[in-house]
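Participant: model.pdb is reproduced in full below (PDB, C-alpha atoms).
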```
ATOM      1  CA  MET X   1      19.120 -14.003  -2.551
ATOM      2  CA  ARG X   2      18.736 -11.032  -4.849
ATOM      3  CA  ALA X   3      15.625  -8.840  -4.802
ATOM      4  CA  VAL X   4      14.893  -5.983  -7.201
ATOM      5  CA  VAL X   5      12.619  -3.283  -5.755
ATOM      6  CA  LEU X   6      10.841  -0.773  -7.978
ATOM      7  CA  GLY X   7       9.289   2.263  -6.330
ATOM      8  CA  ALA X   8      11.898   1.979  -3.605
ATOM      9  CA  THR X   9      11.845   5.670  -2.673
ATOM     10  CA  GLY X  10       8.078   5.743  -2.053
ATOM     11  CA  THR X  11       6.241   5.447   1.246
ATOM     12  CA  VAL X  12       6.340   1.634   1.378
ATOM     13  CA  GLY X  13       9.649   1.247  -0.425
ATOM     14  CA  ARG X  14      11.536   3.388   2.084
ATOM     15  CA  VAL X  15      10.552   1.060   4.908
ATOM     16  CA  ALA X  16      10.645  -2.203   2.929
ATOM     17  CA  VAL X  17      14.253  -1.838   1.758
ATOM     18  CA  PRO X  18      15.744  -1.823   5.301
ATOM     19  CA  HIS X  19      13.706  -4.928   6.184
ATOM     20  CA  LEU X  20      15.059  -6.779   3.150
ATOM     21  CA  VAL X  21      18.646  -5.660   3.743
ATOM     22  CA  ALA X  22      18.466  -6.688   7.417
ATOM     23  CA  ALA X  23      17.170 -10.108   6.363
ATOM     24  CA  GLY X  24      20.269 -10.639   4.216
ATOM     25  CA  TYR X  25      18.889  -9.907   0.759
ATOM     26  CA  ASP X  26      21.082  -8.341  -1.890
ATOM     27  CA  VAL X  27      18.713  -5.469  -2.725
ATOM     28  CA  LEU X  28      18.807  -3.626  -6.043
ATOM     29  CA  ALA X  29      16.518  -0.626  -5.592
ATOM     30  CA  HIS X  30      15.206   1.689  -8.281
ATOM     31  CA  ALA X  31      15.309   5.468  -7.919
ATOM     32  CA  ARG X  32      14.317   8.215 -10.348
ATOM     33  CA  SER X  33      16.865  10.785  -9.167
ATOM     34  CA  ALA X  34      20.429  10.980  -7.926
ATOM     35  CA  ASP X  35      19.200  12.124  -4.508
ATOM     36  CA  GLY X  36      16.874   9.106  -4.296
ATOM     37  CA  ALA X  37      19.713   6.801  -5.304
ATOM     38  CA  ALA X  38      21.913   8.244  -2.550
ATOM     39  CA  ARG X  39      19.189   7.666   0.061
ATOM     40  CA  LEU X  40      18.806   4.039  -1.047
ATOM     41  CA  ALA X  41      22.559   3.476  -0.925
ATOM     42  CA  ALA X  42      22.553   4.789   2.652
ATOM     43  CA  LEU X  43      19.964   2.107   3.478
ATOM     44  CA  GLY X  44      22.308  -0.610   2.228
ATOM     45  CA  ALA X  45      20.810  -1.160  -1.235
ATOM     46  CA  THR X  46      22.474  -0.995  -4.645
ATOM     47  CA  PRO X  47      20.726   1.830  -6.517
ATOM     48  CA  LEU X  48      19.282   1.374  -9.996
ATOM     49  CA  LEU X  49      18.973   4.767 -11.645
ATOM     50  CA  GLY X  50      16.977   4.993 -14.852
ATOM     51  CA  ASP X  51      13.614   4.768 -16.589
ATOM     52  CA  SER X  52      11.535   1.780 -15.486
ATOM     53  CA  ASP X  53       9.104   2.084 -18.418
ATOM     54  CA  HIS X  54      11.129   0.067 -20.952
ATOM     55  CA  LEU X  55      11.035  -3.714 -21.299
ATOM     56  CA  ARG X  56      14.723  -3.928 -22.172
ATOM     57  CA  THR X  57      15.711  -2.005 -19.025
ATOM     58  CA  LEU X  58      13.514  -4.155 -16.808
ATOM     59  CA  ARG X  59      14.991  -7.321 -18.276
ATOM     60  CA  GLU X  60      18.513  -6.062 -17.553
ATOM     61  CA  TRP X  61      17.608  -5.245 -13.961
ATOM     62  CA  PHE X  62      15.748  -8.523 -13.416
ATOM     63  CA  ARG X  63      18.445 -10.807 -14.833
ATOM     64  CA  GLY X  64      19.587 -13.185 -12.098
ATOM     65  CA  ALA X  65      17.053 -11.918  -9.562
ATOM     66  CA  ASP X  66      15.302 -14.258  -7.148
ATOM     67  CA  ALA X  67      12.426 -11.840  -6.634
ATOM     68  CA  VAL X  68      11.003  -8.628  -8.037
ATOM     69  CA  VAL X  69       8.984  -6.269  -5.833
ATOM     70  CA  ASP X  70       6.972  -3.526  -7.520
ATOM     71  CA  LEU X  71       5.861  -0.741  -5.175
ATOM     72  CA  ARG X  72       5.440   1.983  -7.799
ATOM     73  CA  VAL X  73       2.359   4.101  -7.292
ATOM     74  CA  ALA X  74       1.135   7.535  -8.356
ATOM     75  CA  VAL X  75      -1.536   8.713  -5.928
ATOM     76  CA  PRO X  76      -2.323  12.334  -6.869
ATOM     77  CA  ALA X  77      -1.700  15.121  -4.408
ATOM     78  CA  THR X  78      -4.653  16.100  -2.249
ATOM     79  CA  SER X  79      -5.113  19.320  -4.221
ATOM     80  CA  ARG X  80      -5.695  17.335  -7.442
ATOM     81  CA  ALA X  81      -7.285  14.129  -6.153
ATOM     82  CA  MET X  82     -10.843  15.347  -6.828
ATOM     83  CA  ARG X  83     -10.105  15.534 -10.564
ATOM     84  CA  PRO X  84     -10.642  12.209 -12.404
ATOM     85  CA  TRP X  85      -7.801  12.853 -14.888
ATOM     86  CA  ALA X  86      -5.340  13.034 -11.986
ATOM     87  CA  TRP X  87      -5.676   9.253 -11.538
ATOM     88  CA  ARG X  88      -4.461   8.343 -15.050
ATOM     89  CA  GLU X  89      -0.878   7.629 -14.014
ATOM     90  CA  TYR X  90      -2.119   5.546 -11.090
ATOM     91  CA  ALA X  91      -4.130   3.413 -13.524
ATOM     92  CA  ARG X  92      -1.227   3.163 -15.984
ATOM     93  CA  LEU X  93       1.220   1.870 -13.378
ATOM     94  CA  ARG X  94      -1.234  -0.819 -12.258
ATOM     95  CA  GLY X  95      -2.357  -1.624 -15.779
ATOM     96  CA  GLU X  96       0.024  -1.564 -18.729
ATOM     97  CA  ALA X  97       3.109  -1.142 -16.521
ATOM     98  CA  ALA X  98       2.145  -4.285 -14.570
ATOM     99  CA  VAL X  99       1.817  -6.207 -17.840
ATOM    100  CA  MET X 100       5.321  -5.126 -18.870
ATOM    101  CA  LEU X 101       6.696  -5.980 -15.440
ATOM    102  CA  VAL X 102       5.386  -9.542 -15.568
ATOM    103  CA  ASP X 103       6.485  -9.933 -19.201
ATOM    104  CA  ALA X 104      10.037  -8.990 -18.199
ATOM    105  CA  ALA X 105      10.006 -11.258 -15.145
ATOM    106  CA  LEU X 106       8.815 -14.256 -17.157
ATOM    107  CA  LEU X 107      11.346 -13.636 -19.923
ATOM    108  CA  GLU X 108      14.132 -13.580 -17.320
ATOM    109  CA  ASP X 109      12.775 -16.577 -15.367
ATOM    110  CA  VAL X 110      12.308 -14.611 -12.144
ATOM    111  CA  PRO X 111      10.605 -17.092  -9.787
ATOM    112  CA  ARG X 112       8.775 -14.552  -7.603
ATOM    113  CA  VAL X 113       6.993 -11.255  -8.240
ATOM    114  CA  VAL X 114       5.404  -9.216  -5.423
ATOM    115  CA  HIS X 115       3.146  -6.224  -6.039
ATOM    116  CA  ASP X 116       1.064  -4.095  -3.700
ATOM    117  CA  THR X 117      -2.603  -3.492  -4.447
ATOM    118  CA  VAL X 118      -5.317  -2.091  -2.149
ATOM    119  CA  THR X 119      -8.211  -3.198   0.034
ATOM    120  CA  MET X 120     -10.191  -0.328  -1.522
ATOM    121  CA  VAL X 121     -11.194  -2.779  -4.284
ATOM    122  CA  TYR X 122     -13.700  -4.478  -1.949
ATOM    123  CA  ALA X 123     -17.392  -3.757  -2.205
ATOM    124  CA  ASP X 124     -19.047  -2.271   0.872
ATOM    125  CA  GLY X 125     -18.974  -5.025   3.488
ATOM    126  CA  ARG X 126     -21.035  -3.283   6.183
ATOM    127  CA  SER X 127     -19.982  -5.035   9.413
ATOM    128  CA  THR X 128     -18.905  -8.324   7.794
ATOM    129  CA  PRO X 129     -15.164  -9.094   8.013
ATOM    130  CA  LEU X 130     -13.686  -8.956   4.516
ATOM    131  CA  THR X 131     -11.513 -11.917   3.568
ATOM    132  CA  GLU X 132      -9.721 -12.257   0.256
ATOM    133  CA  ASP X 133     -12.776 -14.049  -1.164
ATOM    134  CA  ALA X 134     -15.169 -11.157  -0.464
ATOM    135  CA  PRO X 135     -16.875  -9.464  -3.453
ATOM    136  CA  VAL X 136     -14.919  -6.707  -5.183
ATOM    137  CA  ASP X 137     -16.182  -3.513  -6.784
ATOM    138  CA  ALA X 138     -13.368  -1.498  -8.308
ATOM    139  CA  PRO X 139     -14.657   1.302 -10.555
ATOM    140  CA  GLY X 140     -12.500   3.794 -12.410
ATOM    141  CA  ALA X 141      -8.777   3.782 -11.749
ATOM    142  CA  LEU X 142      -9.193   1.242  -8.949
ATOM    143  CA  ALA X 143      -9.895  -1.474 -11.530
ATOM    144  CA  ALA X 144      -6.211  -1.386 -12.482
ATOM    145  CA  ASN X 145      -5.429  -3.128  -9.172
ATOM    146  CA  LEU X 146      -7.380  -6.162 -10.355
ATOM    147  CA  VAL X 147      -5.392  -6.069 -13.606
ATOM    148  CA  THR X 148      -2.215  -6.228 -11.524
ATOM    149  CA  GLU X 149      -3.507  -9.203  -9.555
ATOM    150  CA  HIS X 150      -4.446 -11.003 -12.780
ATOM    151  CA  GLN X 151      -0.945 -10.422 -14.143
ATOM    152  CA  LEU X 152       0.591 -11.870 -10.979
ATOM    153  CA  GLY X 153      -1.476 -14.978 -11.618
ATOM    154  CA  ARG X 154       0.551 -15.474 -14.807
ATOM    155  CA  VAL X 155       3.687 -15.848 -12.678
ATOM    156  CA  THR X 156       2.055 -18.477 -10.491
ATOM    157  CA  ALA X 157       0.642 -20.294 -13.519
ATOM    158  CA  ALA X 158       4.173 -20.480 -14.957
ATOM    159  CA  GLY X 159       5.415 -22.288 -11.843
ATOM    160  CA  GLY X 160       6.569 -19.288  -9.826
ATOM    161  CA  ALA X 161       4.888 -17.231  -7.118
ATOM    162  CA  GLY X 162       2.920 -14.098  -7.913
ATOM    163  CA  VAL X 163       2.004 -12.383  -4.627
ATOM    164  CA  ALA X 164      -0.467  -9.510  -4.352
ATOM    165  CA  LEU X 165      -0.526  -7.587  -1.076
ATOM    166  CA  ARG X 166      -3.863  -5.835  -0.660
ATOM    167  CA  LEU X 167      -2.733  -3.057   1.664
ATOM    168  CA  ALA X 168      -5.242  -1.211   3.818
ATOM    169  CA  PRO X 169      -4.981   2.617   3.699
ATOM    170  CA  LEU X 170      -1.589   3.628   5.068
ATOM    171  CA  TYR X 171      -0.647   6.007   7.846
ATOM    172  CA  GLY X 172       2.564   6.796   9.715
ATOM    173  CA  PRO X 173       5.081   9.501  10.571
ATOM    174  CA  ASP X 174       6.663   9.514   7.072
ATOM    175  CA  ASP X 175       3.409   9.485   5.086
ATOM    176  CA  GLU X 176       2.392  12.741   3.357
ATOM    177  CA  LEU X 177      -1.352  12.144   3.677
ATOM    178  CA  SER X 178      -0.933  11.359   7.382
ATOM    179  CA  ALA X 179       0.721  14.742   7.878
ATOM    180  CA  ARG X 180      -2.307  16.371   6.250
ATOM    181  CA  VAL X 181      -4.656  14.358   8.477
ATOM    182  CA  VAL X 182      -2.796  15.513  11.589
ATOM    183  CA  ALA X 183      -2.850  19.140  10.447
ATOM    184  CA  GLY X 184      -6.557  18.879   9.666
ATOM    185  CA  ALA X 185      -7.327  17.193  12.989
ATOM    186  CA  ARG X 186      -5.764  20.123  14.832
ATOM    187  CA  ARG X 187      -8.238  22.360  12.990
ATOM    188  CA  GLY X 188     -11.110  19.977  13.740
ATOM    189  CA  ARG X 189     -11.693  18.574  10.238
ATOM    190  CA  VAL X 190     -10.004  15.625   8.476
ATOM    191  CA  PRO X 191     -10.315  14.168   4.937
ATOM    192  CA  LEU X 192     -12.459  11.241   6.059
ATOM    193  CA  LEU X 193     -15.441  10.233   3.937
ATOM    194  CA  GLY X 194     -18.477   8.120   4.753
ATOM    195  CA  PRO X 195     -21.006   7.411   7.518
ATOM    196  CA  VAL X 196     -19.605   7.522  11.040
ATOM    197  CA  ASP X 197     -20.907   4.011  11.798
ATOM    198  CA  GLY X 198     -19.030   2.521   8.832
ATOM    199  CA  TRP X 199     -15.907   0.450   9.470
ATOM    200  CA  THR X 200     -12.369   1.400   8.487
ATOM    201  CA  SER X 201      -9.146  -0.598   8.404
ATOM    202  CA  ALA X 202      -5.636   0.765   8.100
ATOM    203  CA  LEU X 203      -1.961  -0.199   8.168
ATOM    204  CA  HIS X 204       1.051   1.507   9.696
ATOM    205  CA  THR X 205       3.745   2.165   7.101
ATOM    206  CA  ASP X 206       6.382   0.225   9.071
ATOM    207  CA  ASP X 207       4.142  -2.842   9.021
ATOM    208  CA  ALA X 208       3.719  -2.505   5.258
ATOM    209  CA  GLY X 209       7.498  -2.758   4.939
ATOM    210  CA  ALA X 210       7.572  -5.899   7.075
ATOM    211  CA  ALA X 211       4.764  -7.357   4.947
ATOM    212  CA  VAL X 212       6.945  -7.084   1.845
ATOM    213  CA  LEU X 213       9.589  -9.208   3.562
ATOM    214  CA  THR X 214       6.992 -11.858   4.460
ATOM    215  CA  ALA X 215       5.764 -11.848   0.861
ATOM    216  CA  LEU X 216       9.189 -12.983  -0.342
ATOM    217  CA  THR X 217       8.509 -16.445   1.088
ATOM    218  CA  ALA X 218       4.710 -16.582   0.717
ATOM    219  CA  PRO X 219       2.879 -18.933  -1.654
ATOM    220  CA  GLY X 220       1.459 -17.223  -4.719
ATOM    221  CA  GLY X 221      -1.906 -15.555  -4.191
ATOM    222  CA  VAL X 222      -3.729 -12.515  -2.855
ATOM    223  CA  TYR X 223      -3.343 -11.442   0.783
ATOM    224  CA  ASN X 224      -5.028  -8.775   2.893
ATOM    225  CA  VAL X 225      -2.606  -6.723   4.980
ATOM    226  CA  ALA X 226      -4.192  -4.610   7.721
ATOM    227  CA  ASP X 227      -3.942  -3.917  11.421
ATOM    228  CA  ASP X 228      -5.715  -6.105  13.964
ATOM    229  CA  GLU X 229      -8.384  -3.671  15.153
ATOM    230  CA  PRO X 230     -10.748  -2.156  12.573
ATOM    231  CA  LEU X 231     -12.449   0.988  13.876
ATOM    232  CA  THR X 232     -15.683   2.681  13.005
ATOM    233  CA  ARG X 233     -15.245   6.201  11.671
ATOM    234  CA  ARG X 234     -16.784   7.504  14.886
ATOM    235  CA  GLU X 235     -14.085   5.694  16.869
ATOM    236  CA  LEU X 236     -11.367   6.869  14.491
ATOM    237  CA  LEU X 237     -12.436  10.517  14.784
ATOM    238  CA  ALA X 238     -12.284  10.177  18.574
ATOM    239  CA  VAL X 239      -8.785   8.642  18.354
ATOM    240  CA  LEU X 240      -7.582  11.521  16.154
ATOM    241  CA  ALA X 241      -9.092  14.127  18.470
ATOM    242  CA  ASP X 242      -7.366  12.553  21.464
ATOM    243  CA  ALA X 243      -4.057  12.224  19.596
ATOM    244  CA  VAL X 244      -3.853  15.932  18.740
ATOM    245  CA  GLY X 245      -5.538  17.173  21.928
ATOM    246  CA  VAL X 246      -8.706  18.795  20.585
ATOM    247  CA  PRO X 247     -12.303  18.257  21.773
ATOM    248  CA  THR X 248     -13.814  17.115  18.469
ATOM    249  CA  VAL X 249     -12.757  16.144  14.970
ATOM    250  CA  ARG X 250     -15.215  15.820  12.095
ATOM    251  CA  GLY X 251     -15.000  14.184   8.676
ATOM    252  CA  LEU X 252     -15.958  15.694   5.326
ATOM    253  CA  PRO X 253     -19.543  16.492   4.288
ATOM    254  CA  ASP X 254     -21.537  13.771   2.505
ATOM    255  CA  ALA X 255     -21.890  16.021  -0.544
ATOM    256  CA  LEU X 256     -18.172  15.577  -1.249
ATOM    257  CA  VAL X 257     -18.611  11.801  -1.461
ATOM    258  CA  ARG X 258     -21.071  12.197  -4.327
ATOM    259  CA  ALA X 259     -18.767  14.611  -6.154
ATOM    260  CA  ALA X 260     -15.541  12.630  -5.661
ATOM    261  CA  PRO X 261     -13.950  10.414  -8.355
ATOM    262  CA  ALA X 262     -14.257   6.645  -7.958
ATOM    263  CA  PRO X 263     -11.039   5.980  -5.970
ATOM    264  CA  LEU X 264     -12.051   8.490  -3.306
ATOM    265  CA  ARG X 265     -15.682   7.376  -3.188
ATOM    266  CA  SER X 266     -14.480   3.887  -2.298
ATOM    267  CA  LEU X 267     -13.041   5.317   0.923
ATOM    268  CA  ALA X 268     -16.607   5.999   2.054
ATOM    269  CA  ARG X 269     -17.418   2.274   2.063
ATOM    270  CA  SER X 270     -17.489   0.134   5.177
ATOM    271  CA  HIS X 271     -14.354  -2.041   5.163
ATOM    272  CA  ARG X 272     -13.653  -4.340   8.099
ATOM    273  CA  VAL X 273     -10.620  -6.132   6.676
ATOM    274  CA  ASP X 274      -9.572  -9.571   7.905
ATOM    275  CA  ALA X 275      -5.831 -10.286   7.473
ATOM    276  CA  GLY X 276      -5.970 -13.793   8.939
ATOM    277  CA  ARG X 277      -4.593 -15.468   5.814
ATOM    278  CA  PHE X 278      -1.462 -13.324   5.967
ATOM    279  CA  HIS X 279      -1.172 -13.836   9.732
ATOM    280  CA  ALA X 280      -0.946 -17.578   9.048
ATOM    281  CA  LEU X 281       2.357 -16.924   7.252
ATOM    282  CA  GLY X 282       3.896 -15.459  10.404
ATOM    283  CA  TRP X 283       3.343 -11.737   9.814
ATOM    284  CA  ARG X 284       1.986  -9.690  12.695
ATOM    285  CA  PRO X 285       1.601  -5.908  12.805
ATOM    286  CA  SER X 286       3.834  -4.167  15.320
ATOM    287  CA  VAL X 287       1.128  -1.482  15.469
ATOM    288  CA  PRO X 288      -2.049  -3.570  15.886
ATOM    289  CA  SER X 289      -4.385  -0.616  16.417
ATOM    290  CA  ARG X 290      -4.639   3.028  15.446
ATOM    291  CA  ARG X 291      -5.489   3.722  19.086
ATOM    292  CA  GLN X 292      -1.734   3.277  19.601
ATOM    293  CA  GLY X 293      -0.546   4.152  16.111
ATOM    294  CA  TRP X 294      -1.990   7.629  15.620
ATOM    295  CA  PRO X 295      -0.432   9.071  18.781
ATOM    296  CA  MET X 296       2.911   7.731  17.519
ATOM    297  CA  ALA X 297       2.314   9.227  14.070
ATOM    298  CA  VAL X 298       1.482  12.609  15.622
ATOM    299  CA  ALA X 299       4.638  12.459  17.753
ATOM    300  CA  GLY X 300       6.741  11.296  14.806
ATOM    301  CA  SER X 301       7.881   8.204  16.706
ATOM    302  CA  ARG X 302       8.207   4.669  15.372
ATOM    303  CA  PRO X 303       7.141   1.322  16.818
ATOM    304  CA  VAL X 304       9.676  -0.882  18.532
ATOM    305  CA  ARG X 305       9.932  -4.061  16.480
ATOM    306  CA  VAL X 306      11.141  -7.344  17.962
ATOM    307  CA  LEU X 307      12.422  -9.568  15.183
ATOM    308  CA  GLN X 308      11.528 -13.224  15.644
ATOM    309  CA  ARG X 309      13.359 -16.026  13.895
TER     310      ARG X 309
END
```
Give the structure from this file in structure tokens form.
Facilitator:
Amino acid sequence: MRAVVLGATGTVGRVAVPHLVAAGYDVLAHARSADGAARLAALGATPLLGDSDHLRTLREWFRGADAVVDLRVAVPATSRAMRPWAWREYARLRGEAAVMLVDAALLEDVPRVVHDTVTMVYADGRSTPLTEDAPVDAPGALAANLVTEHQLGRVTAAGGAGVALRLAPLYGPDDELSARVVAGARRGRVPLLGPVDGWTSALHTDDAGAAVLTALTAPGGVYNVADDEPLTRRELLAVLADAVGVPTVRGLPDALVRAAPAPLRSLARSHRVDAGRFHALGWRPSVPSRRQGWPMAVAGSRPVRVLQR
């Protein structure tokens, strides 16, 4: 089975590629630089070096593939994230680039396309568990995620399987934002928005990689992917304080929520994500709770995964 992975050098791609290789897939993985291509080759993938923004190139890469996985994303650096224009590339990759991706896959008769989106598209759910049927509210650049999911529906409508993985906010030892959270926690302040009694869900980066593997045999549709224990922000702040060994950690002032662009404001919502539909396919997080996961992320260690056949 041949799988083409775009965005293979990103946070999720770096952990997804080894899962696919270990499962026996012939993985063709896209990189934007020679160094990235070398890292992918070391993981056991065949590197694809070039520009992924051309239909002809995508068709060449997709020819003969059994699945295409698109993990490209452009989340702006923390220093620029408060500026609305910084989210333009994020919206482009999940808007017009997703249209081109599906066009190329359909032209080459690729039977399966997998794309990550985000649980941030959900409206505020208060304390209600959010299933895939919960109301969405995706203003600004976030709306592009719903465009991606609509495009994946074209694959399913054509007789294939278009799979959208709504990933909860990621954390882990190799994640840049997580490193900033740890550094901030040691100073007593982290980039966490919203009321302390609001719910948060998250996903360890290693479990996001395993989710991509599960998606390669999943029926077409939208799936939540999150850990098994949502926490209130009050609980999360306590977990972070304990993980770095300080008495107290605080989030950001409420005034910043009002000033933030739409993608960041959505992080202030209450999201208690239910991943039961994805669990039914056999996926389980190896890090079921941030009570265990954040100490590992601080220490730079990884979960021990037991592969089940």
Participant: Selected by the PyMOL selection byres ((chain X and resi 64) around 10) in the shown coordinates: which residues, as an MDAnalysis selection string?
Facilitator: chainID X and resid 1:4 59:63 65:67 108:110
Participant: Which one of X:Pro303, X:Gly293, X:Gly188, X:Gly140 sits closest to Arg92 in chain X if you count all atoms listed in the file?
Facilitator: X:Gly140
Participant: Name the residues in contact with Arg265 in chain X at a cut-off of 12 Å, using only C-alpha atoms, excluding same-chain residues fewer than 2 positions from it; report them as a ChimeraX atom specification.
Facilitator: /X:81-82,84,120-121,123-124,137-142,191-195,252,254-263,267-270
Participant: With distances taken over all atoms listed in the file, which residue among X:Val249, X:Ala275, X:Val99, X:Leu213 lies nearest Leu55 in chain X?
Facilitator: X:Val99
Participant: Name the residues captured by the PyMOL selection byres ((chain X and resi 70) around 8) when it is applied to the shown file; answer as JSON, numbers by chain.
Facilitator: {"X": [5, 6, 7, 68, 69, 71, 72, 113, 114, 115, 116]}
Participant: Please evaluate the PyMOL selection byres ((chain X and resi 224-231) around 8) against the displayed coordinates and give the resulting residues as a ChimeraX atom specification.
Facilitator: /X:119,131-132,165-168,199-204,208,211,222-223,232-236,272-278,285,287-290
Participant: Taking into account all atoms listed in the file, which residue in the set X:Arg112, X:Arg88, X:Arg94, X:Arg302 is nearest to Gly159 in chain X?
Facilitator: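 Between X:Arg112, X:Arg88, X:Arg94, X:Arg302, the residue approaching Gly159 in chain X most closely is X:Arg112.
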Participant: Could you please determine the separation between CA of Val17 in chain X and CA of Ala41 in chain X in Å, to one decimal place?
Facilitator: 10.2 Å
Participant: How many Å lie between CA of Arg32 in chain X and CA of Ser52 in chain X, rounded to one decimal?
Facilitator: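 According to the coordinates, CA of Arg32 in chain X and CA of Ser52 in chain X are separated by 8.7 Å.
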Participant: Given the choices X:His54, X:Arg80, X:Arg39, X:His19, which gets closest to Leu264 in chain X if the distance is worked out from only C-alpha atoms?
Facilitator: X:Arg80
Participant: Rank X:Thr9, X:Glu149, X:Val246, X:Leu170 by their smallest atom-to-atom distance to Arg189 in chain X, using only C-alpha atoms, and report the top residue only.
Facilitator: X:Val246
Participant: Kindly indicate which residue among X:Thr78, X:Gln292, X:Ser33, X:Thr57 lies nearest to Arg180 in chain X, using only C-alpha atoms for the distances.
Facilitator: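 Among the listed residues, X:Thr78 lies closest to Arg180 in chain X.
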Participant: May I ask for the distance between CA of Ala45 in chain X and CA of Ala29 in chain X, given in Å to one decimal place?
Facilitator: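 Those two atoms sit 6.1 Å apart.
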Participant: Compile a residue-level contact table for range 212-301 of chain X against range 171-174 of chain X at a cut-off of 7 Å, reporting for every qualifying residue the shortest atom pair and its distance in Å to one decimal, with all atoms listed in the file counted, rows ordered by chain and ascending number, as a Markdown table.
Facilitator:
```
| residue | atom | partner | partner_atom | distance |
| --- | --- | --- | --- | --- |
| X:Ala297 | CA | X:Pro173 | CA | 4.5 |
| X:Val298 | CA | X:Pro173 | CA | 6.9 |
| X:Gly300 | CA | X:Pro173 | CA | 4.9 |
| X:Ser301 | CA | X:Pro173 | CA | 6.9 |
```
Participant: Is there a way to complete range 292-297 of chain X with all heavy atoms and then write that out as a PDB file, in the frame of the given file?
Facilitator:
```
ATOM      1  N   GLN X 292      -3.141   3.100  19.231  1.00  0.00           N
ATOM      2  CA  GLN X 292      -1.734   3.277  19.601  1.00  0.00           C
ATOM      3  C   GLN X 292      -0.968   3.991  18.485  1.00  0.00           C
ATOM      4  O   GLN X 292      -0.080   4.797  18.745  1.00  0.00           O
ATOM      5  CB  GLN X 292      -1.088   1.913  19.846  1.00  0.00           C
ATOM      6  CG  GLN X 292      -1.778   1.091  20.923  1.00  0.00           C
ATOM      7  CD  GLN X 292      -1.462  -0.394  20.795  1.00  0.00           C
ATOM      8  OE1 GLN X 292      -1.215  -0.889  19.704  1.00  0.00           O
ATOM      9  NE2 GLN X 292      -1.498  -1.097  21.913  1.00  0.00           N
ATOM     10  N   GLY X 293      -1.327   3.671  17.240  1.00  0.00           N
ATOM     11  CA  GLY X 293      -0.546   4.152  16.111  1.00  0.00           C
ATOM     12  C   GLY X 293      -0.662   5.628  15.815  1.00  0.00           C
ATOM     13  O   GLY X 293       0.333   6.286  15.492  1.00  0.00           O
ATOM     14  N   TRP X 294      -1.869   6.207  15.938  1.00  0.00           N
ATOM     15  CA  TRP X 294      -1.990   7.629  15.620  1.00  0.00           C
ATOM     16  C   TRP X 294      -1.245   8.520  16.601  1.00  0.00           C
ATOM     17  O   TRP X 294      -0.605   9.489  16.177  1.00  0.00           O
ATOM     18  CB  TRP X 294      -3.461   8.037  15.502  1.00  0.00           C
ATOM     19  CG  TRP X 294      -3.961   7.910  14.084  1.00  0.00           C
ATOM     20  CD1 TRP X 294      -4.901   7.053  13.622  1.00  0.00           C
ATOM     21  CD2 TRP X 294      -3.509   8.654  12.948  1.00  0.00           C
ATOM     22  NE1 TRP X 294      -5.077   7.212  12.256  1.00  0.00           N
ATOM     23  CE2 TRP X 294      -4.236   8.200  11.829  1.00  0.00           C
ATOM     24  CE3 TRP X 294      -2.569   9.659  12.769  1.00  0.00           C
ATOM     25  CZ2 TRP X 294      -4.041   8.713  10.547  1.00  0.00           C
ATOM     26  CZ3 TRP X 294      -2.367  10.176  11.494  1.00  0.00           C
ATOM     27  CH2 TRP X 294      -3.102   9.708  10.402  1.00  0.00           C
ATOM     28  N   PRO X 295      -1.272   8.248  17.904  1.00  0.00           N
ATOM     29  CA  PRO X 295      -0.432   9.071  18.781  1.00  0.00           C
ATOM     30  C   PRO X 295       1.049   9.006  18.395  1.00  0.00           C
ATOM     31  O   PRO X 295       1.759  10.017  18.484  1.00  0.00           O
ATOM     32  CB  PRO X 295      -0.689   8.475  20.170  1.00  0.00           C
ATOM     33  CG  PRO X 295      -2.076   7.932  20.081  1.00  0.00           C
ATOM     34  CD  PRO X 295      -2.176   7.381  18.689  1.00  0.00           C
ATOM     35  N   MET X 296       1.520   7.838  17.970  1.00  0.00           N
ATOM     36  CA  MET X 296       2.911   7.731  17.519  1.00  0.00           C
ATOM     37  C   MET X 296       3.136   8.547  16.258  1.00  0.00           C
ATOM     38  O   MET X 296       4.163   9.212  16.102  1.00  0.00           O
ATOM     39  CB  MET X 296       3.272   6.267  17.261  1.00  0.00           C
ATOM     40  CG  MET X 296       3.515   5.464  18.509  1.00  0.00           C
ATOM     41  SD  MET X 296       4.321   3.880  18.169  1.00  0.00           S
ATOM     42  CE  MET X 296       3.096   3.087  17.143  1.00  0.00           C
ATOM     43  N   ALA X 297       2.172   8.480  15.320  1.00  0.00           N
ATOM     44  CA  ALA X 297       2.314   9.227  14.070  1.00  0.00           C
ATOM     45  C   ALA X 297       2.344  10.725  14.339  1.00  0.00           C
ATOM     46  O   ALA X 297       3.116  11.470  13.725  1.00  0.00           O
ATOM     47  CB  ALA X 297       1.172   8.868  13.122  1.00  0.00           C
TER      48      ALA X 297
END
```
